[in-house]
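Reproduced below: query.txt, with compact mmCIF, C-alpha atoms.
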```txt
# COMPACT_ATOMS: atom_id res chain seq x y z
CA MET A 177 -6.74 -25.98 140.70
CA ILE A 178 -4.87 -27.81 137.98
CA ASN A 179 -3.91 -24.62 136.33
CA ARG A 180 -2.29 -23.32 139.52
CA ARG A 181 -0.21 -26.47 139.92
CA CYS A 182 0.98 -26.31 136.35
CA ILE A 183 2.04 -22.74 136.78
CA LEU A 184 3.96 -23.60 139.96
CA VAL A 185 5.81 -26.44 138.22
CA ILE A 186 6.76 -24.22 135.33
CA VAL A 187 8.09 -21.57 137.71
CA LEU A 188 10.18 -24.09 139.65
CA VAL A 189 11.62 -25.52 136.47
CA ALA A 190 12.55 -22.05 135.25
CA ILE A 191 14.20 -21.23 138.53
CA GLY A 192 16.31 -24.37 138.35
CA ARG A 193 17.73 -23.31 134.98
CA LEU A 194 19.05 -19.91 136.32
CA PRO A 195 22.92 -19.63 137.03
CA ALA A 196 24.07 -20.06 140.55
CA ARG A 197 24.64 -16.90 142.56
CA ALA A 198 26.93 -16.15 145.48
CA ALA A 199 24.11 -16.59 147.87
CA ASP A 200 23.50 -20.07 146.48
CA VAL A 201 26.99 -21.32 147.56
CA ALA A 202 27.34 -22.25 151.21
CA PRO A 203 29.98 -24.17 153.19
CA SER A 204 29.07 -27.42 154.79
CA ASN A 205 28.65 -27.71 158.49
CA ARG A 206 31.18 -30.52 158.48
CA PRO A 207 34.74 -29.33 159.07
CA ASN A 208 36.39 -31.84 156.71
CA GLU A 209 34.42 -31.02 153.63
CA LEU A 210 33.74 -28.06 151.45
CA TYR A 211 31.10 -28.30 148.85
CA ALA A 212 28.92 -26.15 146.72
CA SER A 213 25.19 -25.96 146.88
CA ALA A 214 23.21 -28.24 144.68
CA LEU A 215 21.70 -25.16 143.16
CA ARG A 216 23.98 -24.71 140.12
CA ASP A 217 23.69 -24.58 136.43
CA SER A 218 23.21 -28.08 135.21
CA ASP A 219 25.01 -27.22 131.93
CA ALA A 220 28.20 -25.84 133.55
CA PRO A 221 31.13 -28.18 134.25
CA PRO A 222 31.36 -29.32 137.83
CA ALA A 223 33.55 -27.07 140.00
CA ALA A 224 36.78 -28.54 141.35
CA VAL A 225 36.60 -29.29 144.99
CA THR A 226 39.86 -29.04 146.98
CA SER A 227 40.17 -30.99 150.17
CA PRO A 228 42.68 -29.67 152.75
CA ASP A 229 45.36 -31.76 154.44
CA VAL A 230 43.41 -33.11 157.38
CA SER A 231 46.61 -34.27 159.13
CA VAL A 232 47.43 -30.67 160.03
CA TRP A 233 44.76 -28.74 161.77
CA PRO A 234 44.28 -25.90 161.82
CA PRO A 235 45.67 -25.43 158.32
CA LYS A 236 49.13 -23.70 158.05
CA PRO A 237 48.76 -20.16 156.88
CA PRO A 238 50.42 -19.37 153.55
CA ASP A 239 53.94 -17.89 153.50
CA PRO A 240 53.95 -14.15 153.49
CA VAL A 241 54.80 -12.56 150.20
CA LEU A 242 57.93 -10.38 150.61
CA PRO A 243 58.33 -7.23 148.59
CA SER A 244 60.76 -7.46 145.74
CA GLN A 245 64.41 -6.36 146.42
CA PRO A 246 64.87 -2.73 145.40
CA THR A 247 67.55 -1.90 142.87
CA LEU A 248 70.95 -0.56 143.94
CA THR A 249 70.08 2.91 142.81
CA ALA A 250 67.07 2.86 145.12
CA GLN A 251 69.10 2.03 148.26
CA LEU A 252 68.97 4.75 150.87
CA TYR A 253 71.91 5.49 153.16
CA GLN A 254 71.16 4.44 156.72
CA PRO A 255 73.65 5.67 159.31
CA ASN A 256 75.18 3.15 161.73
CA VAL A 257 74.11 0.28 159.48
CA GLN A 258 76.76 -1.87 157.82
CA SER A 259 75.94 -2.89 154.33
CA ASN A 260 77.74 -5.13 151.89
CA ILE A 261 76.09 -3.44 148.99
CA VAL A 262 78.68 -1.79 146.75
CA GLN A 263 77.49 1.17 144.85
CA MET A 264 78.30 0.58 141.20
CA PRO A 265 79.82 3.51 139.30
CA PRO A 266 77.61 5.18 136.76
CA PRO A 267 78.03 4.06 133.19
CA TYR A 268 81.00 5.63 131.35
CA GLN A 269 80.08 8.70 129.41
CA PRO A 270 82.86 10.15 127.24
CA GLN A 271 83.52 13.76 127.99
CA PRO A 272 84.25 16.24 125.25
CA GLN A 273 87.96 16.80 124.80
CA VAL A 274 89.08 20.36 125.43
CA ALA A 275 92.44 21.26 123.94
CA SER A 276 94.80 22.83 126.46
CA VAL A 277 96.66 25.90 125.32
CA ILE A 278 100.32 25.46 126.25
CA PRO A 279 102.82 28.13 125.23
CA VAL A 280 105.60 26.68 123.10
CA LEU A 281 108.95 28.39 122.91
CA PRO A 282 110.53 28.68 119.48
CA ALA A 283 113.60 26.64 118.60
CA GLY A 284 115.84 29.60 119.34
CA VAL A 285 114.83 30.67 122.83
CA ARG A 286 114.58 34.44 122.95
CA LEU A 287 117.00 35.53 125.65
CA VAL A 288 117.68 39.07 126.84
CA GLU A 289 120.93 39.15 128.79
CA SER A 290 123.42 41.83 129.77
CA THR A 291 126.98 41.33 130.97
CA TRP A 292 129.51 43.76 132.38
CA TYR A 293 133.05 42.38 132.59
CA THR A 294 136.66 43.31 133.08
CA ARG A 295 139.80 41.59 131.89
CA PHE A 296 143.39 41.72 133.07
CA ASP A 297 145.79 40.47 130.40
CA TYR A 298 149.47 40.09 129.82
CA MET A 299 150.14 41.48 126.34
CA HIS A 300 152.93 40.53 123.98
CA TRP A 301 153.62 42.39 120.72
CA ASN A 302 156.30 41.20 118.33
CA GLU A 303 157.55 42.46 114.94
CA ARG A 304 159.91 40.36 112.84
CA LEU A 305 161.97 41.61 109.94
CA ASP A 306 163.77 39.11 107.71
CA GLY A 307 163.18 36.39 110.30
CA ALA A 308 164.75 38.35 113.18
CA ASN A 309 163.12 40.16 116.08
CA PHE A 310 162.77 43.84 115.33
CA VAL A 311 160.39 45.11 118.06
CA THR A 312 159.18 43.43 121.25
CA GLU A 313 156.65 44.82 123.71
CA ASN A 314 155.41 43.22 126.91
CA GLY A 315 153.20 44.37 129.72
CA PRO A 316 149.75 44.45 131.27
CA LEU A 317 146.61 45.35 129.36
CA PHE A 318 143.40 46.36 131.13
CA THR A 319 139.99 45.95 129.51
CA ILE A 320 136.44 46.84 130.47
CA GLY A 321 133.58 45.60 128.36
CA TYR A 322 129.83 45.32 127.97
CA GLN A 323 127.94 42.56 126.20
CA ARG A 324 124.23 42.31 125.44
CA ARG A 325 122.37 39.36 124.01
CA VAL A 326 118.92 39.70 122.48
CA GLY A 327 117.64 36.36 121.23
CA GLN A 328 120.11 34.95 118.72
CA GLU A 329 122.04 38.21 118.42
CA ARG A 330 124.88 39.36 120.62
CA PHE A 331 126.66 42.72 120.72
CA ARG A 332 129.96 43.46 122.44
CA ALA A 333 131.96 46.65 123.07
CA GLU A 334 135.32 47.05 124.85
CA LEU A 335 137.73 49.76 125.92
CA PHE A 336 141.35 48.87 126.73
CA GLY A 337 144.63 50.59 127.45
CA SER A 338 147.94 50.41 129.28
CA GLN A 339 151.62 51.22 129.11
CA VAL A 340 154.05 48.43 128.25
CA SER A 341 157.79 48.08 127.90
CA TYR A 342 159.37 48.60 124.49
CA ALA A 343 162.57 47.01 123.19
CA SER A 344 163.91 47.62 119.71
CA THR A 345 167.04 48.38 117.70
CA VAL A 346 167.92 51.82 116.40
CA PHE A 347 169.78 52.01 113.07
CA PHE A 348 171.95 55.03 112.41
CA ASN A 349 172.87 56.58 109.06
CA ASP A 350 176.42 55.32 109.28
CA GLY A 351 175.09 51.74 109.36
CA SER A 352 175.61 51.17 113.06
CA SER A 353 172.80 50.08 115.39
CA GLN A 354 172.08 50.16 119.06
CA PRO A 355 169.34 48.63 121.21
CA LEU A 356 166.66 50.95 122.55
CA ASN A 357 164.49 50.35 125.61
CA SER A 358 161.50 52.56 126.20
CA THR A 359 157.78 52.38 126.77
CA THR A 360 154.71 52.28 124.54
CA ASP A 361 151.25 53.59 125.35
CA TYR A 362 148.17 51.70 124.15
CA LEU A 363 144.63 52.99 124.02
CA GLY A 364 141.82 51.53 121.97
CA GLY A 365 138.51 49.78 121.71
CA ARG A 366 136.57 47.31 119.66
CA ALA A 367 133.04 46.32 118.69
CA GLU A 368 131.78 42.86 117.72
CA TYR A 369 128.54 41.31 116.52
CA ASP A 370 127.65 37.61 116.88
CA TYR A 371 124.76 35.60 115.50
CA LEU A 372 124.15 32.33 117.35
CA PHE A 373 122.90 29.08 115.79
CA ASP A 374 121.29 26.88 118.44
CA PRO A 375 120.33 23.57 116.78
CA GLU A 376 117.71 21.20 118.23
CA TRP A 377 120.01 18.45 119.47
CA PRO A 378 121.04 17.08 122.86
CA ALA A 379 124.67 18.19 122.57
CA PRO A 380 125.22 21.32 124.70
CA ILE A 381 126.96 23.22 121.86
CA VAL A 382 125.96 26.46 120.20
CA PHE A 383 127.58 27.71 117.00
CA PHE A 384 128.04 31.35 116.14
CA GLY A 385 129.42 33.54 113.42
CA GLY A 386 130.34 37.18 113.67
CA ILE A 387 132.38 40.13 112.60
CA GLY A 388 134.55 42.43 114.66
CA SER A 389 136.45 45.64 114.36
CA ARG A 390 139.43 46.62 116.53
CA PHE A 391 140.82 50.14 116.72
CA TRP A 392 143.81 51.26 118.77
CA ILE A 393 146.54 53.86 119.02
CA ARG A 394 150.12 52.80 119.60
CA ASN A 395 152.14 55.75 120.86
CA LEU A 396 155.94 55.64 121.06
CA PRO A 397 157.20 58.66 123.02
CA ASP A 398 160.48 60.46 122.39
CA SER A 399 163.55 58.89 124.01
CA VAL A 400 167.20 59.79 124.50
CA LEU A 401 170.02 57.47 123.48
CA ASP A 402 173.68 58.43 124.13
CA GLY A 403 172.76 62.07 124.29
CA GLU A 404 170.81 62.00 121.08
CA THR A 405 167.03 62.40 120.96
CA ILE A 406 165.15 59.68 119.24
CA ARG A 407 161.97 61.14 117.91
CA GLY A 408 158.92 59.18 118.76
CA TYR A 409 155.84 58.76 116.63
CA GLN A 410 152.34 57.44 116.74
CA GLU A 411 150.63 54.57 114.93
CA THR A 412 146.89 54.26 114.40
CA TRP A 413 145.57 50.76 113.66
CA TRP A 414 142.14 49.70 112.49
CA THR A 415 141.34 46.16 111.46
CA ILE A 416 138.22 44.14 110.50
CA TYR A 417 137.95 40.39 111.10
CA PRO A 418 135.08 37.93 110.47
CA TYR A 419 135.08 34.71 112.50
CA LEU A 420 133.28 31.45 113.29
CA GLY A 421 133.10 29.74 116.67
CA MET A 422 131.32 27.52 119.14
CA GLU A 423 130.46 27.62 122.82
CA THR A 424 128.69 25.58 125.47
CA ARG A 425 124.98 26.19 126.00
CA ARG A 426 123.96 27.57 129.37
CA ASP A 427 122.34 24.94 131.60
CA GLU A 428 119.63 26.70 133.63
CA SER A 429 119.19 23.65 135.89
CA ARG A 430 122.67 24.10 137.41
CA ASP A 431 123.70 26.72 139.89
CA VAL A 432 127.37 26.48 138.86
CA GLU A 433 128.79 25.04 135.65
CA PHE A 434 131.95 24.95 133.56
CA TYR A 435 131.80 26.57 130.18
CA GLY A 436 133.98 27.15 127.16
CA ARG A 437 134.07 29.32 124.07
CA GLY A 438 136.39 29.39 121.09
CA ARG A 439 136.57 30.98 117.67
CA ILE A 440 138.85 31.42 114.67
CA GLY A 441 138.74 34.11 112.04
CA LEU A 442 140.46 36.01 109.27
CA VAL A 443 142.18 39.36 109.78
CA ALA A 444 140.84 40.57 106.48
CA VAL A 445 141.55 44.28 106.16
CA THR A 446 143.94 46.42 108.21
CA TYR A 447 144.70 50.11 107.98
CA GLU A 448 147.79 51.63 109.64
CA HIS A 449 148.70 55.30 109.73
CA LEU A 450 152.08 56.64 110.93
CA THR A 451 152.71 60.24 111.91
CA LEU A 452 156.20 59.88 110.34
CA ASP A 453 155.72 61.77 107.08
CA GLU A 454 151.99 60.96 107.40
CA THR A 455 152.53 57.53 105.96
CA THR A 456 149.72 55.03 105.40
CA LEU A 457 150.44 51.30 105.34
CA PHE A 458 148.28 48.22 104.79
CA PRO A 459 149.59 45.17 106.67
CA GLY A 460 148.80 41.91 104.93
CA PRO A 461 145.93 39.64 106.03
CA GLY A 462 146.43 37.17 108.83
CA VAL A 463 144.48 35.00 111.26
CA THR A 464 142.89 35.54 114.65
CA GLY A 465 141.86 33.12 117.35
CA GLN A 466 140.27 33.36 120.76
CA MET A 467 139.54 30.91 123.60
CA GLU A 468 137.77 31.30 126.92
CA LEU A 469 137.42 28.60 129.60
CA GLY A 470 135.87 29.16 132.98
CA VAL A 471 133.17 28.59 135.55
CA ARG A 472 129.91 30.52 135.86
CA GLY A 473 126.98 30.77 138.19
CA GLU A 474 123.64 32.46 137.92
CA PHE A 475 125.23 35.94 137.89
CA LEU A 476 129.04 35.78 138.31
CA PHE A 477 131.70 34.12 136.19
CA LEU A 478 135.48 33.73 136.13
CA ALA A 479 137.46 32.50 133.14
CA GLY A 480 140.89 32.20 131.60
CA TYR A 481 141.29 34.09 128.34
CA PHE A 482 143.56 33.82 125.30
CA GLU A 483 143.56 35.80 122.05
CA ALA A 484 145.94 36.24 119.12
CA PHE A 485 146.19 38.34 115.94
CA THR A 486 148.74 38.04 113.15
CA TRP A 487 149.59 40.32 110.20
CA ARG A 488 151.80 39.77 107.24
CA GLN A 489 154.41 42.28 106.14
CA SER A 490 153.04 45.33 104.37
CA GLY A 491 154.22 46.92 101.19
CA GLU A 492 156.70 49.79 101.27
CA SER A 493 155.49 53.40 101.28
CA ARG A 494 157.75 56.48 101.55
CA GLY A 495 160.61 54.36 102.76
CA PHE A 496 158.58 52.75 105.55
CA MET A 497 157.07 49.28 105.92
CA GLN A 498 155.35 47.33 108.65
CA PRO A 499 157.11 44.04 109.45
CA SER A 500 155.20 40.82 110.12
CA SER A 501 153.45 41.37 113.45
CA LEU A 502 151.95 39.29 116.22
CA LEU A 503 149.69 40.35 119.10
CA VAL A 504 148.99 37.88 121.93
CA THR A 505 147.01 38.48 125.14
CA VAL A 506 146.62 35.99 127.99
CA GLY A 507 144.77 36.72 131.20
CA LEU A 508 141.73 36.46 133.46
CA LYS A 509 138.20 37.62 132.74
CA THR A 510 135.44 38.15 135.29
CA GLY A 511 132.10 39.88 135.36
CA ILE A 512 128.45 39.86 136.23
CA THR A 513 125.52 38.74 134.07
CA PHE A 514 121.91 39.78 134.61
```
Could you express the structure from this file as structure tokens?
Amino acid sequence: MINRRCILVIVLVAIGRLPARAADVAPSNRPNELYASALRDSDAPPAAVTSPDVSVWPPKPPDPVLPSQPTLTAQLYQPNVQSNIVQMPPPYQPQPQVASVIPVLPAGVRLVESTWYTRFDYMHWNERLDGANFVTENGPLFTIGYQRRVGQERFRAELFGSQVSYASTVFFNDGSSQPLNSTTDYLGGRAEYDYLFDPEWPAPIVFFGGIGSRFWIRNLPDSVLDGETIRGYQETWWTIYPYLGMETRRDESRDVEFYGRGRIGLVAVTYEHLTLDETTLFPGPGVTGQMELGVRGEFLFLAGYFEAFTWRQSGESRGFMQPSSLLVTVGLKTGITF
């Protein structure tokens, strides 16, 4: 009997040393107190007991936990809902630079331009011998020409001709003289080459240099004076003249514009052949000048024109000589450019 009691005591003591389990904790039947069962580990620290606020009953439920605010990138568009949320732009990402290919014109713009033109001039020819007038010719001169520009180069060709009045003095073998009035026929042409220098500056001026050649026939027909026949003859002229000049640059932004062109040159070499005894003469060098002022549009133009040539007296050959000579033309020039 003793042995059974001892065993029971030992078992109870062992049970008391076991840790408390969930089934060992129970709430009190009293509403104002929560406590744990006395069955706990005697070595563990006592559990904290929290007493609720008895002034509020039933106890206030805890505040609901709201979900965290989503980021801006997670916002979804909701139609018919106003939102003050401003979508921030994405972070700057430098883009690779792609070089654009832009055609660049050279300093001298390559132009291709053709011009047909006509000119109506009043011509004056004068020969002076020992300071006195020897021959004077006046009259109209008609010209048709073609000009072509390719880049900085320009080519020009002309044909001209007319019949003008002739006034001179005839010297007889006995030493007497008498004035003679007649006509002179002109027929000729010329060719010129220009090279243009178009500098890179704001001034609307283009410089050019060139060389020209003028060829013409001067025909003096037979005439009758006091019953005597005055034999006519023919002169063939050919001259070469280099020159320098300037002109205004074409302004493509204007429909109509004023323009000007001028040049000055040297009448360097001149050949003259007379049918009288087949004589060849070489008039001395002189000067030449030309000026053109007018208005031009996209295609048409109209301008005033002036040109002059001078020659010095030639040497004597077979009893003939060419006096100092002057050629002046003044008129109007018009044409079409395309």
Looking at all atoms listed in the file, which of A:Leu450, A:Arg437, A:Gly386, A:Pro378 is the one that sits closest to Glu411 (chain A)? A:Leu450
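Considering only C-alpha atoms, the residue among A:Gln410, A:Ser353, A:Thr455, A:Gln328 positioned nearest to Gly495 (chain A) is A:Thr455.
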What separation in Å, quoted to one decimal, exists between CA of Val504 (chain A) and CA of Pro355 (chain A)?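 Spanning CA of Val504 (chain A) to CA of Pro355 (chain A) is a straight-line distance of 23.0 Å.
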Who sits within 10 Å of Leu442 (chain A), all atoms listed in the file, same chain under 6 positions skipped, as a PyMOL selection string: chain A and resi 387+416-420+461-465+485-486
For Gly491 (chain A), which residue out of A:Leu478, A:Ile512, A:Leu503, A:Leu457 is the nearest one, using all atoms listed in the file? A:Leu457
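For the pair CA of Ser490 (chain A) and CA of Tyr369 (chain A), the separation is 27.6 Å.
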To one decimal place, how far is CA of Trp487 (chain A) from CA of Ser501 (chain A) in Å? 5.2 Å
Of the candidates A:Gly436, A:Tyr342, A:Asp297, A:Phe336, which shows the shortest atom-to-atom distance to Glu483 (chain A), using only C-alpha atoms?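 Of the candidates, the smallest distance to Glu483 (chain A) is held by A:Asp297.
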